[in-house]
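K.L.:
Here you go, this is data-v6.cif (mmCIF, C-alpha atoms).
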```
data_query
#
loop_
_atom_site.label_atom_id
_atom_site.label_comp_id
_atom_site.auth_asym_id
_atom_site.auth_seq_id
_atom_site.Cartn_x
_atom_site.Cartn_y
_atom_site.Cartn_z
CA MET A 1 -6.84 -24.60 -2.60
CA ARG A 2 -8.09 -21.01 -2.60
CA ALA A 3 -5.94 -18.30 -1.07
CA VAL A 4 -5.84 -14.52 -0.80
CA VAL A 5 -2.29 -13.57 -1.75
CA ILE A 6 -0.37 -11.24 0.57
CA GLY A 7 3.07 -10.87 -0.93
CA ALA A 8 6.07 -12.24 -2.79
CA HIS A 9 8.98 -13.53 -0.72
CA ARG A 10 12.57 -14.50 -1.43
CA HIS A 11 12.78 -17.65 0.69
CA ARG A 12 10.41 -20.37 1.87
CA ASP A 13 11.48 -19.74 5.46
CA ASP A 14 10.25 -16.14 5.18
CA ILE A 15 6.68 -17.50 5.34
CA ASP A 16 5.46 -19.05 8.55
CA GLY A 17 2.59 -19.05 11.02
CA ASP A 18 -0.90 -18.76 9.59
CA ALA A 19 0.22 -18.08 6.02
CA VAL A 20 0.62 -20.69 3.30
CA ALA A 21 3.59 -20.67 0.92
CA ILE A 22 2.89 -20.96 -2.81
CA PRO A 23 5.92 -21.65 -5.03
CA LEU A 24 6.64 -19.12 -7.78
CA ALA A 25 9.82 -20.18 -9.64
CA ASP A 26 12.53 -19.72 -6.99
CA LEU A 27 10.36 -17.25 -5.04
CA PHE A 28 7.26 -17.86 -2.91
CA LEU A 29 3.91 -16.16 -2.59
CA SER A 30 2.33 -15.95 0.84
CA GLY A 31 -1.39 -16.42 1.15
CA VAL A 32 -4.27 -16.95 3.52
CA GLU A 33 -6.39 -19.96 2.70
CA ILE A 34 -10.12 -19.37 2.45
CA ALA A 35 -13.15 -21.54 1.76
CA PRO A 36 -14.22 -21.96 -1.89
CA GLN A 37 -17.26 -19.73 -1.54
CA GLN A 38 -15.96 -17.25 1.06
CA PRO A 39 -16.34 -13.63 -0.08
CA VAL A 40 -13.05 -11.72 -0.21
CA SER A 41 -14.75 -8.61 1.12
CA GLU A 42 -15.53 -10.00 4.58
CA ARG A 43 -14.39 -7.69 7.35
CA GLU A 44 -13.00 -10.49 9.48
CA LEU A 45 -10.94 -11.81 6.59
CA LEU A 46 -9.54 -8.35 5.89
CA LEU A 47 -8.46 -7.96 9.50
CA ARG A 48 -7.00 -11.46 9.55
CA VAL A 49 -4.97 -10.79 6.41
CA ALA A 50 -3.77 -7.48 7.84
CA GLY A 51 -2.55 -9.24 10.98
CA ILE A 52 -0.75 -11.99 9.08
CA ARG A 53 0.80 -9.38 6.79
CA ALA A 54 2.36 -7.70 9.83
CA GLN A 55 3.64 -11.05 11.15
CA LEU A 56 5.26 -11.82 7.80
CA LEU A 57 6.98 -8.45 7.71
CA ALA A 58 8.46 -9.13 11.14
CA ARG A 59 10.18 -12.18 9.63
CA ALA A 60 11.46 -10.65 6.40
CA THR A 61 10.78 -7.89 3.91
CA PHE A 62 8.50 -8.84 1.02
CA VAL A 63 6.86 -7.34 -2.03
CA ALA A 64 3.31 -6.37 -1.07
CA ILE A 65 0.50 -7.46 -3.35
CA ARG A 66 -2.66 -5.40 -3.23
CA TYR A 67 -5.60 -7.05 -1.48
CA GLY A 68 -8.01 -8.86 -3.74
CA PHE A 69 -5.71 -11.17 -5.69
CA VAL A 70 -6.88 -14.75 -5.19
CA LEU A 71 -5.27 -17.98 -6.39
CA THR A 72 -7.29 -21.16 -6.75
CA ASN A 73 -4.35 -23.46 -7.55
CA GLU A 74 -0.56 -23.34 -7.46
CA SER A 75 -0.09 -23.31 -11.23
CA GLU A 76 -1.97 -20.02 -11.41
CA ALA A 77 0.89 -18.37 -9.54
CA MET A 78 3.24 -18.76 -12.49
CA THR A 79 0.55 -17.95 -15.03
CA LYS A 80 -0.36 -14.66 -13.39
CA CYS A 81 2.93 -13.60 -11.77
CA GLY A 82 5.60 -15.31 -13.86
CA ALA A 83 6.48 -12.13 -15.74
CA GLN A 84 7.33 -10.40 -12.45
CA VAL A 85 9.71 -13.02 -11.03
CA ASP A 86 13.01 -11.53 -12.20
CA ARG A 87 12.08 -8.05 -11.08
CA TRP A 88 10.76 -9.19 -7.72
CA ARG A 89 13.87 -11.30 -7.09
CA ARG A 90 16.07 -8.26 -7.75
CA LEU A 91 13.96 -6.05 -5.47
CA LEU A 92 13.88 -8.64 -2.68
CA ASP A 93 17.64 -9.13 -2.80
CA GLU A 94 18.27 -5.41 -2.97
CA HIS A 95 15.89 -4.39 -0.16
CA ARG A 96 15.94 -7.39 2.15
CA ASN A 97 17.11 -5.30 5.10
CA GLU A 98 14.80 -2.37 4.41
CA VAL A 99 11.17 -1.52 5.15
CA GLU A 100 8.92 1.35 4.19
CA LEU A 101 7.60 4.04 6.49
CA THR A 102 4.87 6.46 5.52
CA LEU A 103 4.41 10.05 6.60
CA LYS A 104 0.93 11.31 5.78
CA VAL A 105 0.62 15.09 6.10
CA ALA A 106 -2.59 17.12 6.01
CA ALA A 107 -2.72 19.68 3.23
CA ALA A 108 -2.36 23.33 4.29
CA ALA A 109 -5.48 24.29 2.36
CA PRO A 110 -7.28 21.16 1.14
CA LEU A 111 -8.93 21.50 -2.21
CA PRO A 112 -12.59 20.44 -2.24
CA ARG A 113 -13.19 16.92 -3.45
CA PRO A 114 -15.32 17.03 -6.61
CA ASN A 115 -18.86 15.80 -6.33
CA ARG A 116 -19.71 13.09 -8.84
CA THR A 117 -23.23 14.45 -9.31
CA ASP A 118 -21.79 17.76 -10.58
CA PHE A 119 -20.41 16.05 -13.66
CA ALA A 120 -22.25 14.81 -16.72
CA ASN A 121 -19.81 11.95 -17.28
CA GLY A 122 -17.27 9.90 -15.43
CA ALA A 123 -14.28 11.15 -17.41
CA GLY A 124 -14.90 14.75 -16.36
CA TYR A 125 -15.26 13.67 -12.75
CA LEU A 126 -12.01 11.69 -12.85
CA ARG A 127 -10.15 14.63 -14.38
CA ALA A 128 -11.43 16.96 -11.66
CA LEU A 129 -10.53 14.42 -8.99
CA HIS A 130 -7.04 14.15 -10.41
CA ALA A 131 -6.63 17.94 -10.45
CA ALA A 132 -7.75 18.17 -6.82
CA THR A 133 -5.30 15.45 -5.84
CA GLN A 134 -2.35 16.97 -7.64
CA GLY A 135 -3.16 20.41 -6.23
CA ALA A 136 -2.84 19.40 -2.58
CA ALA A 137 0.12 21.12 -0.91
CA ILE A 138 1.46 21.01 2.63
CA ASP A 139 2.93 23.71 4.87
CA GLU A 140 6.30 24.69 3.39
CA SER A 141 8.15 25.01 6.68
CA PHE A 142 6.90 21.58 7.76
CA ARG A 143 8.04 20.06 4.50
CA ALA A 144 11.44 21.71 4.89
CA ALA A 145 11.76 20.22 8.38
CA VAL A 146 10.80 16.78 7.08
CA ASP A 147 13.31 17.05 4.26
CA ALA A 148 16.00 18.07 6.74
CA GLN A 149 15.25 15.67 9.60
CA LEU A 150 13.58 12.56 8.17
CA VAL A 151 14.73 12.20 4.60
CA PRO A 152 18.47 11.96 5.43
CA LEU A 153 17.71 8.91 7.60
CA ALA A 154 16.21 7.04 4.66
CA ASN A 155 17.92 5.21 1.82
CA ASP A 156 15.30 6.50 -0.60
CA HIS A 157 12.18 8.66 -0.45
CA ARG A 158 9.25 9.78 -2.57
CA TRP A 159 6.71 12.54 -2.05
CA ILE A 160 3.35 11.39 -3.38
CA HIS A 161 0.09 13.18 -4.10
CA ARG A 162 -2.46 10.69 -2.83
CA ASP A 163 -5.68 12.66 -2.35
CA ASN A 164 -7.08 16.18 -2.23
CA ALA A 165 -6.47 16.67 1.49
CA SER A 166 -2.98 15.34 2.11
CA MET A 167 0.45 14.54 0.76
CA GLU A 168 2.44 11.49 1.61
CA LEU A 169 6.12 10.80 2.00
CA ALA A 170 7.23 7.21 1.50
CA LEU A 171 10.56 6.40 3.11
CA LEU A 172 12.70 3.36 2.41
CA VAL A 173 14.54 2.76 5.67
CA ALA A 174 17.05 0.22 6.93
CA ARG A 175 15.38 -1.92 9.59
CA GLU A 176 17.89 -0.86 12.22
CA ARG A 177 17.06 2.82 11.65
CA VAL A 178 13.28 2.59 12.05
CA GLU A 179 13.35 3.74 15.68
CA GLU A 180 15.62 6.62 14.73
CA VAL A 181 13.10 7.74 12.11
CA ASN A 182 10.24 7.43 14.60
CA ALA A 183 12.16 9.55 17.10
CA ALA A 184 12.82 12.19 14.45
CA GLY A 185 9.14 12.07 13.50
CA ALA A 186 8.09 12.68 17.10
CA LYS A 187 10.02 15.96 17.07
CA LEU A 188 7.83 17.20 14.23
CA LYS A 189 4.94 17.46 16.67
CA SER A 190 6.21 20.94 17.54
CA PHE A 191 4.64 22.07 14.27
CA ASP A 192 0.95 22.83 14.19
CA VAL A 193 0.46 20.45 11.28
CA PRO A 194 -1.54 17.22 11.51
CA PHE A 195 0.51 14.24 10.37
CA LEU A 196 0.79 10.49 10.85
CA LEU A 197 4.04 8.57 10.67
CA SER A 198 3.26 4.89 10.21
CA GLY A 199 5.01 1.62 9.50
CA PRO A 200 6.98 -0.44 9.06
CA TRP A 201 5.36 -1.60 5.84
CA PRO A 202 6.53 -4.10 3.23
CA LEU A 203 7.73 -2.95 -0.19
CA GLU A 204 4.69 -1.10 -1.49
CA VAL A 205 5.85 2.13 -3.13
CA PHE A 206 9.43 1.23 -3.99
CA VAL A 207 8.40 -1.79 -6.05
CA ASP A 208 7.22 0.65 -8.65
CA ASP A 209 9.89 2.06 -10.95
CA HIS A 210 7.54 4.68 -12.34
CA GLU A 211 6.47 6.61 -9.22
CA MET B 1 -6.85 8.94 23.15
CA ALA B 2 -5.62 5.35 23.17
CA ASP B 3 -8.81 4.27 21.37
CA ASN B 4 -8.29 7.02 18.79
CA ASP B 5 -4.72 5.92 18.20
CA GLU B 6 -5.83 2.32 17.82
CA GLU B 7 -8.55 3.27 15.36
CA LEU B 8 -6.12 5.43 13.39
CA SER B 9 -3.64 2.60 13.27
CA LEU B 10 -6.30 0.16 12.02
CA LEU B 11 -7.45 2.60 9.35
CA GLU B 12 -3.90 3.14 8.18
CA THR B 13 -3.28 -0.61 8.10
CA LEU B 14 -6.38 -1.22 6.00
CA ASP B 15 -5.50 1.70 3.73
CA HIS B 16 -2.14 0.09 3.00
CA LEU B 17 -3.70 -3.32 2.48
CA LEU B 18 -6.34 -2.05 0.06
CA ASP B 19 -4.52 0.73 -1.75
CA ARG B 20 -0.81 -0.13 -1.89
CA GLY B 21 1.40 -2.73 -3.41
CA VAL B 22 1.54 -4.49 -6.70
CA VAL B 23 -1.70 -4.91 -8.61
CA ILE B 24 -2.03 -8.33 -10.19
CA SER B 25 -4.41 -9.22 -12.96
CA GLY B 26 -7.45 -10.98 -11.61
CA GLU B 27 -11.12 -11.55 -11.86
CA ALA B 28 -12.52 -10.65 -8.47
CA VAL B 29 -15.03 -7.91 -7.93
CA ILE B 30 -15.51 -6.83 -4.36
CA SER B 31 -17.03 -3.89 -2.55
CA ILE B 32 -16.22 -2.60 0.89
CA GLY B 33 -18.18 0.03 2.76
CA ASP B 34 -19.05 3.00 0.58
CA VAL B 35 -15.75 3.11 -1.29
CA ASP B 36 -16.19 3.44 -5.03
CA LEU B 37 -14.95 0.13 -6.35
CA LEU B 38 -14.59 -0.57 -10.01
CA TYR B 39 -13.92 -3.71 -11.97
CA LEU B 40 -11.56 -3.08 -14.86
CA GLY B 41 -11.29 -6.35 -16.65
CA LEU B 42 -7.91 -7.99 -16.31
CA ASN B 43 -5.85 -5.03 -15.19
CA ILE B 44 -7.12 -3.94 -11.81
CA VAL B 45 -8.68 -6.21 -9.27
CA LEU B 46 -9.58 -3.72 -6.64
CA ALA B 47 -9.17 -0.02 -6.68
CA ASN B 48 -10.89 3.15 -5.72
CA VAL B 49 -11.01 5.97 -8.19
CA ASP B 50 -7.93 7.71 -6.75
CA ALA B 51 -5.87 4.57 -7.20
CA ILE B 52 -7.14 4.20 -10.76
CA ILE B 53 -6.03 7.72 -11.65
CA ARG B 54 -2.57 7.10 -10.26
CA THR B 55 -2.32 3.85 -12.17
CA ALA B 56 -3.41 5.54 -15.39
CA ASN B 57 -0.83 8.29 -14.94
CA LYS B 58 1.99 5.79 -14.69
CA ARG B 59 1.26 4.31 -18.10
#
```
Mind converting the file's structure to C-alpha cells?
P.N.:
Amino acid sequence: MRAVVIGAHRHRDDIDGDAVAIPLADLFLSGVEIAPQQPVSERELLLRVAGIRAQLLARATFVAIRYGFVLTNESEAMTKCGAQVDRWRRLLDEHRNEVELTLKVAAAAPLPRPNRTDFANGAGYLRALHAATQGAAIDESFRAAVDAQLVPLANDHRWIHRDNASMELALLVARERVEEVNAAGAKLKSFDVPFLLSGPWPLEVFVDDHE
Amino acid sequence: MADNDEELSLLETLDHLLDRGVVISGEAVISIGDVDLLYLGLNIVLANVDAIIRTANKR
C-alpha cells in the first residue's frame, strides 16, 4: 500500500468513492493509492487528489493535510499522526457542520518581492521576504466593508498576511450559511478592489491554534 | 471569461492543496513548476519559502 494522504476524518463513512480509508485510532485518514514508484509531483495526480478532496468535503468536514504526506503502510499512520489524534478528534467534533471560505484581497500598494540574487545569503532573503509579506495592506474601506458584511456571517475569522501582494481572510462558516456568505461577497464587487472569494474548503486554517 | 474563472478556480484549488492544512513529518522531496521547494528534514515535507516563514513564526 502506498497512498497520498488527503485528510483526517471522524468516521469511516465520511470516506467514500475513490479514496481509501486508513485507520488512525478511532479516526480515519483518507488517501489516494498510488503505485510504488509513482512520483508525488505528477500533475495528473495533483489534479486527481484535488478532485477527490472536494468530493470528500461534500460528504463531511475533515482536517486537511498538506499535499506531500505519503503512507506506505497502515501502521505508519499511528507512528506519524498518533500525537495529533486527540486534537483532531476535538476539532472534528467541534467543527463537523462548518467549512472554511477564503477571501483573497489584492494589496492596495503591493510591496516588491525581494530578489534572491540581491542577497548574499538565504537568511537575509527570507527576512526581506517576511518583511514584504507582513507589510502588505489592503484598501481600508474595503476591509471595513468586509468586516461589516462578511465577518458577522462567520463563526470565526482570521486575517492572514500570506504574501507581498495580498491579504487573506479565512472564514469558518456553518455549511448552511455558505450561500449567504457568497451572496454578501458578490456585493463587494462594487468596490474597485480585486478579490477572490473561494471555498468551501476543509479545516485548513482553523486547525492551527497559533495563527 | 469562463475560461479565466475556471483557471482561477484551479489555481486556487492547487494553492490550497499545496500550501494549506496540517504539515506532517515525512521524507518526500518534490518539486513542482518553478516554485522554490525545500526539504527540511523531518519537519516540513513540502513548502515554499513563504510557507516556511509562516511556520517558523508560529514556533
K.L.:
With a distance cut-off of 12 Å and all atoms listed in the file, select the neighbouring residues of Asn155 of chain A, excluding the residue or stretch itself and same-chain residues fewer than 6 positions from it, and output the selection as a PyMOL selection string.
P.N.:
chain A and resi 94-95+97-101+170-175+177-178+181+206
K.L.:
Give as a list in words the residues that the PyMOL selection byres ((chain A) within 8 of (chain B)) matches when applied to the coordinates above.
P.N.:
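Expected selection for the PyMOL selection byres ((chain A) within 8 of (chain B)) here is Val40, Ser41, Leu46, Leu47, Ala50, Val63, Ala64, Ile65, Arg66, Tyr67, Gly68, Phe69, Val70, Lys80, Cys81, Leu126, Leu129, His130, Arg162, Asp163, Ser198, Leu203, Glu204, Val205, Val207, Asp208, His210 and Glu211 of chain A.
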K.L.:
Please write the residues picked by the PyMOL selection byres ((chain A and resi 34) around 12) on this file as a list in words.
P.N.:
Met1, Arg2, Ala3, Val4, Val5, Asp18, Ala19, Val20, Gly31, Val32, Glu33, Ala35, Pro36, Gln37, Gln38, Pro39, Val40, Ser41, Glu42, Glu44, Leu45, Leu46, Arg48, Val49, Val70, Leu71 and Thr72 of chain A
K.L.:
For the selection just defined, write its residues with C-alpha atoms to a file, as a CSV table (one decimal), keeping the file's coordinate frame.
P.N.:
```
chain,number,residue,atom,x,y,z
A,1,MET,CA,-6.8,-24.6,-2.6
A,2,ARG,CA,-8.1,-21.0,-2.6
A,3,ALA,CA,-5.9,-18.3,-1.1
A,4,VAL,CA,-5.8,-14.5,-0.8
A,5,VAL,CA,-2.3,-13.6,-1.8
A,18,ASP,CA,-0.9,-18.8,9.6
A,19,ALA,CA,0.2,-18.1,6.0
A,20,VAL,CA,0.6,-20.7,3.3
A,31,GLY,CA,-1.4,-16.4,1.2
A,32,VAL,CA,-4.3,-17.0,3.5
A,33,GLU,CA,-6.4,-20.0,2.7
A,35,ALA,CA,-13.2,-21.5,1.8
A,36,PRO,CA,-14.2,-22.0,-1.9
A,37,GLN,CA,-17.3,-19.7,-1.5
A,38,GLN,CA,-16.0,-17.2,1.1
A,39,PRO,CA,-16.3,-13.6,-0.1
A,40,VAL,CA,-13.0,-11.7,-0.2
A,41,SER,CA,-14.8,-8.6,1.1
A,42,GLU,CA,-15.5,-10.0,4.6
A,44,GLU,CA,-13.0,-10.5,9.5
A,45,LEU,CA,-10.9,-11.8,6.6
A,46,LEU,CA,-9.5,-8.4,5.9
A,48,ARG,CA,-7.0,-11.5,9.6
A,49,VAL,CA,-5.0,-10.8,6.4
A,70,VAL,CA,-6.9,-14.8,-5.2
A,71,LEU,CA,-5.3,-18.0,-6.4
A,72,THR,CA,-7.3,-21.2,-6.8
```
K.L.:
Skip Phe28 of chain A itself and residues of its chain fewer than 3 positions away, then list as a list in words all residues within 7 Å of it, counting all atoms listed in the file.
P.N.:
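Returned residues: Ala8, His9, Arg10, His11, Arg12, Ala21, Ile22, Pro23 and Leu24 of chain A.
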K.L.:
As an exercise, work out the distance from atom CA of Phe195 of chain A to atom CA of Leu103 of chain A in Å and give it to one decimal place.
P.N.:
6.9 Å
K.L.:
Run through the PyMOL selection byres ((chain A and resi 105-113) around 9) on the given coordinates and return the selected residues as a PyMOL selection string.
P.N.:
chain A and resi 103-104+114-115+128-129+132-133+135-140+163-169+193-197
K.L.:
Rounded to one decimal place, report the atom CA of Asp93 of chain A-atom CA of Ala60 of chain A distance in Å.
P.N.:
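Straight-line distance from atom CA of Asp93 of chain A to atom CA of Ala60 of chain A works out to 11.2 Å.
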K.L.:
So how many Å separate atom CA of Arg89 of chain A and atom CA of Ala25 of chain A, to one decimal?
P.N.:
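These two atoms are separated by 10.1 Å.
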K.L.:
With a distance cut-off of 8 Å and all atoms listed in the file, select the neighbouring residues of Leu56 of chain A, excluding the residue or stretch itself and same-chain residues fewer than 6 positions from it, and output the selection as a compact mmCIF listing (two decimals) with C-alpha atoms, in the frame of the given file.
P.N.:
```
# COMPACT_ATOMS: atom_id res chain seq x y z
CA ASP A 14 10.25 -16.14 5.18
CA ILE A 15 6.68 -17.50 5.34
CA ASP A 16 5.46 -19.05 8.55
```
K.L.:
What are the centre and edge lengths in Å, to one decimal, of the axis-aligned box around all listed atoms of segment 97-109 of chain A with 4 Å added on each side, as JSON?
P.N.:
```
{"center_x": 5.8, "center_y": 9.5, "center_z": 4.5, "size_x": 30.6, "size_y": 37.6, "size_z": 12.2}
```
